[in-house]
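Chemist: I'm passing along structure.cif; it holds mmCIF, C-alpha atoms.
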data_work
loop_
_atom_site.label_atom_id
_atom_site.label_comp_id
_atom_site.auth_asym_id
_atom_site.auth_seq_id
_atom_site.Cartn_x
_atom_site.Cartn_y
_atom_site.Cartn_z
CA MET S 1 48.17 55.56 98.82
CA LYS S 2 49.21 58.33 96.44
CA HIS S 3 50.10 60.56 99.41
CA THR S 4 52.48 57.99 100.90
CA ARG S 5 54.54 57.90 97.69
CA LYS S 6 54.82 61.69 97.64
CA LEU S 7 55.88 61.95 101.29
CA PRO S 8 59.44 60.57 100.79
CA LEU S 9 59.92 62.84 97.77
CA LEU S 10 58.65 65.84 99.74
CA LEU S 11 60.96 65.03 102.66
CA PHE S 12 63.90 64.64 100.27
CA ILE S 13 63.19 68.04 98.69
CA MET S 14 62.85 69.68 102.13
CA ILE S 15 66.19 68.21 103.26
CA LEU S 16 67.92 69.42 100.09
CA PHE S 17 66.39 72.87 100.57
CA SER S 18 67.55 73.07 104.19
CA PHE S 19 71.10 72.07 103.17
CA SER S 20 71.13 74.76 100.52
CA LEU S 21 70.04 77.38 103.07
CA THR S 22 72.71 76.25 105.52
CA GLY S 23 75.33 76.56 102.80
CA CYS S 24 74.22 80.08 101.99
CA GLN S 25 74.66 81.17 105.59
CA LYS S 26 78.33 80.16 105.64
CA LYS S 27 79.96 83.22 104.16
CA THR S 28 83.12 83.21 102.12
CA ALA S 29 84.81 86.26 100.75
CA GLU S 30 86.62 87.32 97.64
CA CYS S 31 89.19 90.02 98.22
CA PRO S 32 87.84 93.23 96.63
CA PHE S 33 91.13 95.08 96.18
CA THR S 34 92.92 92.47 94.05
CA THR S 35 92.19 89.60 91.68
CA ILE S 36 94.92 87.52 93.33
CA THR S 37 93.66 84.43 95.17
CA TRP S 38 95.24 82.03 97.69
CA GLY S 39 96.46 79.72 94.94
CA ASN S 40 98.49 82.41 93.20
CA THR S 41 102.28 82.62 93.36
CA LEU S 42 104.69 85.54 93.66
CA GLU S 43 105.17 85.29 89.88
CA ASP S 44 101.41 85.76 89.40
CA ILE S 45 101.46 88.76 91.73
CA THR S 46 104.37 90.50 89.98
CA SER S 47 102.72 89.79 86.64
CA LEU S 48 99.64 91.66 87.88
CA GLU S 49 101.21 94.36 90.06
CA GLY S 50 104.65 94.94 88.50
CA ASP S 51 107.85 95.28 90.50
CA SER S 52 107.55 95.32 94.27
CA GLN S 53 107.89 98.72 95.88
CA GLU S 54 109.33 97.27 99.08
CA THR S 55 109.93 93.89 100.72
CA TYR S 56 110.34 92.95 104.37
CA ASP S 57 109.91 89.98 106.67
CA SER S 58 106.36 88.71 106.95
CA ILE S 59 104.92 87.95 110.39
CA TYR S 60 104.19 84.50 108.95
CA GLY S 61 107.85 83.57 108.43
CA GLY S 62 108.20 84.48 104.77
CA THR S 63 108.37 87.79 102.92
CA THR S 64 105.89 90.64 102.49
CA TYR S 65 105.83 92.36 99.09
CA THR S 66 104.26 95.81 98.69
CA PHE S 67 102.94 97.55 95.58
CA PRO S 68 101.20 100.88 94.98
CA LYS S 69 97.52 100.11 94.46
CA GLU S 70 94.40 102.12 93.80
CA TYR S 71 91.27 100.75 95.41
CA ASP S 72 87.84 102.31 95.61
CA GLY S 73 89.19 105.44 93.89
CA LEU S 74 91.90 105.87 96.55
CA THR S 75 95.66 105.59 96.28
CA GLY S 76 97.18 103.16 98.74
CA THR S 77 99.48 100.18 99.09
CA VAL S 78 98.69 96.50 98.68
CA LYS S 79 100.71 93.98 100.68
CA TYR S 80 101.06 90.29 99.91
CA MET S 81 102.33 88.23 102.86
CA PHE S 82 103.88 84.79 102.45
CA ASP S 83 104.64 82.11 105.02
CA ASP S 84 107.91 80.19 105.37
CA LYS S 85 106.78 77.73 102.66
CA GLU S 86 106.28 80.56 100.11
CA LYS S 87 102.50 80.20 100.37
CA LEU S 88 100.38 83.34 100.15
CA VAL S 89 98.59 83.72 103.51
CA GLY S 90 97.69 87.41 103.76
CA MET S 91 96.62 90.29 101.53
CA SER S 92 96.16 93.83 102.83
CA TRP S 93 95.36 97.19 101.37
CA MET S 94 96.55 100.20 103.36
CA TYR S 95 95.44 103.81 103.05
CA GLU S 96 97.22 106.71 104.73
CA SER S 97 95.99 110.27 105.20
CA ASP S 98 97.08 113.51 106.83
CA ASP S 99 93.50 114.35 107.82
CA SER S 100 91.47 112.61 110.55
CA ASP S 101 88.13 113.49 108.95
CA ASP S 102 89.22 112.08 105.59
CA LEU S 103 90.48 108.90 107.26
CA LYS S 104 87.22 108.41 109.15
CA GLU S 105 85.15 108.97 105.98
CA VAL S 106 87.24 106.37 104.11
CA TYR S 107 86.96 103.92 107.01
CA ASP S 108 83.18 104.37 107.18
CA ARG S 109 82.80 103.89 103.42
CA ILE S 110 84.93 100.74 103.28
CA HIS S 111 83.27 99.44 106.44
CA GLU S 112 79.83 99.78 104.86
CA GLU S 113 81.03 98.04 101.69
CA ALA S 114 82.53 95.19 103.73
CA LYS S 115 79.39 94.88 105.82
CA ALA S 116 77.24 94.73 102.68
CA ALA S 117 79.45 91.98 101.24
CA LEU S 118 80.24 90.02 104.42
CA GLY S 119 77.39 90.78 106.84
CA GLU S 120 77.81 91.86 110.44
CA SER S 121 81.30 91.33 111.80
CA GLY S 122 82.03 88.90 114.60
CA TYR S 123 84.09 91.44 116.50
CA GLN S 124 83.31 91.59 120.21
CA PRO S 125 84.60 94.90 121.61
CA ASN S 126 83.83 93.93 125.21
CA SER S 127 85.81 90.70 125.14
CA ASP S 128 89.03 90.57 127.20
CA LYS S 129 91.14 90.02 124.09
CA PHE S 130 90.02 93.29 122.51
CA ALA S 131 89.38 95.39 125.63
CA ALA S 132 92.50 97.53 125.15
CA VAL S 133 91.71 98.40 121.53
CA SER S 134 90.40 101.94 121.19
CA THR S 135 90.58 102.30 117.42
CA PRO S 136 87.74 101.33 115.08
CA THR S 137 88.22 97.66 114.21
CA ASP S 138 86.06 94.93 112.76
CA VAL S 139 86.79 91.26 112.22
CA TRP S 140 84.75 88.90 110.08
CA TYR S 141 85.36 85.24 110.98
CA LEU S 142 84.71 83.35 107.75
CA GLU S 143 85.37 79.82 106.53
CA SER S 144 87.49 81.32 103.75
CA GLY S 145 89.65 83.16 106.33
CA ASN S 146 89.34 86.18 108.57
CA VAL S 147 88.83 89.66 107.20
CA THR S 148 89.82 92.69 109.28
CA LEU S 149 89.37 96.40 108.88
CA THR S 150 91.35 98.58 111.28
CA MET S 151 91.89 102.31 111.56
CA VAL S 152 94.66 104.04 113.52
CA ASP S 153 94.47 107.80 114.06
CA THR S 154 97.31 109.26 116.11
CA SER S 155 99.48 112.35 115.79
CA GLU S 156 102.14 110.20 114.06
CA VAL S 157 100.01 107.83 111.96
CA LYS S 158 96.63 108.14 110.26
CA ALA S 159 95.99 104.92 108.38
CA LEU S 160 93.56 102.11 107.79
CA GLN S 161 94.27 98.57 106.78
CA TYR S 162 91.85 96.15 105.12
CA THR S 163 93.17 92.58 105.42
CA TYR S 164 92.17 89.17 104.09
CA LEU S 165 93.82 86.18 105.79
CA HIS S 166 94.14 82.60 104.60
CA PRO S 167 92.23 80.11 106.79
CA ASP S 168 95.57 78.57 107.87
CA VAL S 169 96.57 81.79 109.69
CA SER S 170 93.10 82.93 110.78
CA GLU S 171 92.02 82.81 114.39
CA GLU S 172 88.74 81.38 115.57
CA LYS S 173 86.07 83.71 116.83
CA PRO S 174 86.79 84.42 120.51
#
Please express the file's structure as structure tokens.
Modeler:
Amino acid sequence: MKHTRKLPLLLFIMILFSFSLTGCQKKTAECPFTTITWGNTLEDITSLEGDSQETYDSIYGGTTYTFPKEYDGLTGTVKYMFDDKEKLVGMSWMYESDDSDDLKEVYDRIHEEAKAALGESGYQPNSDKFAAVSTPTDVWYLESGNVTLTMVDTSEVKALQYTYLHPDVSEEKP
């Protein structure tokens, strides 16, 4: 009889344990190049970053604000993208170089850091959607929004961009 009383308790503990494991597998991400979060406003951003270096139309219907920003010991530019309702929906850090080897080293370093924090990316280079892309790119499809790391190395542009997107503007894994 003692075993029958323990069985429901044991089952309850096992169910709780399995839920906790499932929760751990669903990755979320904190943006590593800024302390700004999705709930912050433009006022919060300018309080942290100072005056905007440049503004232009955001692809999300609002405005993009750029600021000089050091990340990982490198000088670059951080971009905060707003939608048409003045809601922050994208944060990117961009690094530019004149040297292909330097750019590739920076990409590899940030890629390894992202992989350590976020796991393997969900990018599928053989899918039809990405078949034409010949530059190194990774996409992490997370509940907290997509994260992308892209490098472009041409004669005109040598740059990488590390982007965190709000779930509202993130695409589902293809």
Chemist: Tell me, in Å to one decimal, how far CA of Tyr80 in chain S is from CA of Glu143 in chain S.
Modeler: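 Value for the CA of Tyr80 in chain S-CA of Glu143 in chain S distance: 20.0 Å.
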Chemist: Given the file above and the PyMOL selection byres ((chain S and resi 106-118) around 8), which residues are selected, and can you give them as a PDB file with C-alpha atoms, in the coordinates of the input?
Modeler:
ATOM      1  CA  LYS S  27      79.960  83.220 104.160  1.00  0.00           C
ATOM      2  CA  THR S  28      83.120  83.210 102.120  1.00  0.00           C
ATOM      3  CA  ALA S  29      84.810  86.260 100.750  1.00  0.00           C
ATOM      4  CA  ASP S 102      89.220 112.080 105.590  1.00  0.00           C
ATOM      5  CA  LEU S 103      90.480 108.900 107.260  1.00  0.00           C
ATOM      6  CA  LYS S 104      87.220 108.410 109.150  1.00  0.00           C
ATOM      7  CA  GLU S 105      85.150 108.970 105.980  1.00  0.00           C
ATOM      8  CA  GLY S 119      77.390  90.780 106.840  1.00  0.00           C
ATOM      9  CA  GLU S 120      77.810  91.860 110.440  1.00  0.00           C
ATOM     10  CA  SER S 121      81.300  91.330 111.800  1.00  0.00           C
ATOM     11  CA  TRP S 140      84.750  88.900 110.080  1.00  0.00           C
ATOM     12  CA  LEU S 149      89.370  96.400 108.880  1.00  0.00           C
ATOM     13  CA  MET S 151      91.890 102.310 111.560  1.00  0.00           C
ATOM     14  CA  LEU S 160      93.560 102.110 107.790  1.00  0.00           C
TER      15      LEU S 160
END
Chemist: If you measure from CA of Asp153 in chain S to CA of Thr77 in chain S, what distance in Å do you get, rounded to one decimal?
Modeler: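 A separation of 17.5 Å between them.
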Chemist: Calculate how many Å separate CA of Glu70 in chain S from CA of Asp83 in chain S, rounding to one decimal.
Modeler: 25.1 Å
Chemist: Compare S:Tyr60, S:Tyr164, S:Tyr123, S:Tyr65 by their minimum atom-to-atom distance to Lys85 in chain S, counting all atoms listed in the file, and give me the closest one.
Modeler: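 When distances to Lys85 in chain S are compared using all atoms listed in the file, the smallest one comes from S:Tyr60.
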Chemist: So that I can see what lies close to Ser92 in chain S, please list as a list in words the residues with an atom at most 8 Å from it, counting only C-alpha atoms and leaving out residues fewer than 2 positions away in the same chain.
Modeler: Val78, Lys79, Tyr80, Gly90, Met94, Gln161, Tyr162, Thr163 and Tyr164 of chain S
Chemist: Name the residues captured by the PyMOL selection byres ((chain S and resi 62) around 9) when it is applied to the shown file; answer as a list in words.
Modeler: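 Written out, the selection comes to Tyr56, Asp57, Ser58, Ile59, Tyr60, Gly61, Thr63, Thr64, Met81, Phe82, Asp83, Asp84, Lys85, Glu86 and Lys87 of chain S.
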Chemist: Could you list the residues chosen by the PyMOL selection byres ((chain S and resi 171) around 8) in this structure as a PyMOL selection string?
Modeler: chain S and resi 141+146+169-170+172-173
Chemist: Taking every listed atom of range 62-78 of chain S and adding 5 Å to each side, what centre and edge lengths in Å (one decimal) does the axis-aligned box have, as lines of an AutoDock Vina configuration file?
Modeler:
center_x = 98.1
center_y = 95.2
center_z = 99.3
size_x = 30.5
size_y = 31.4
size_z = 21.0
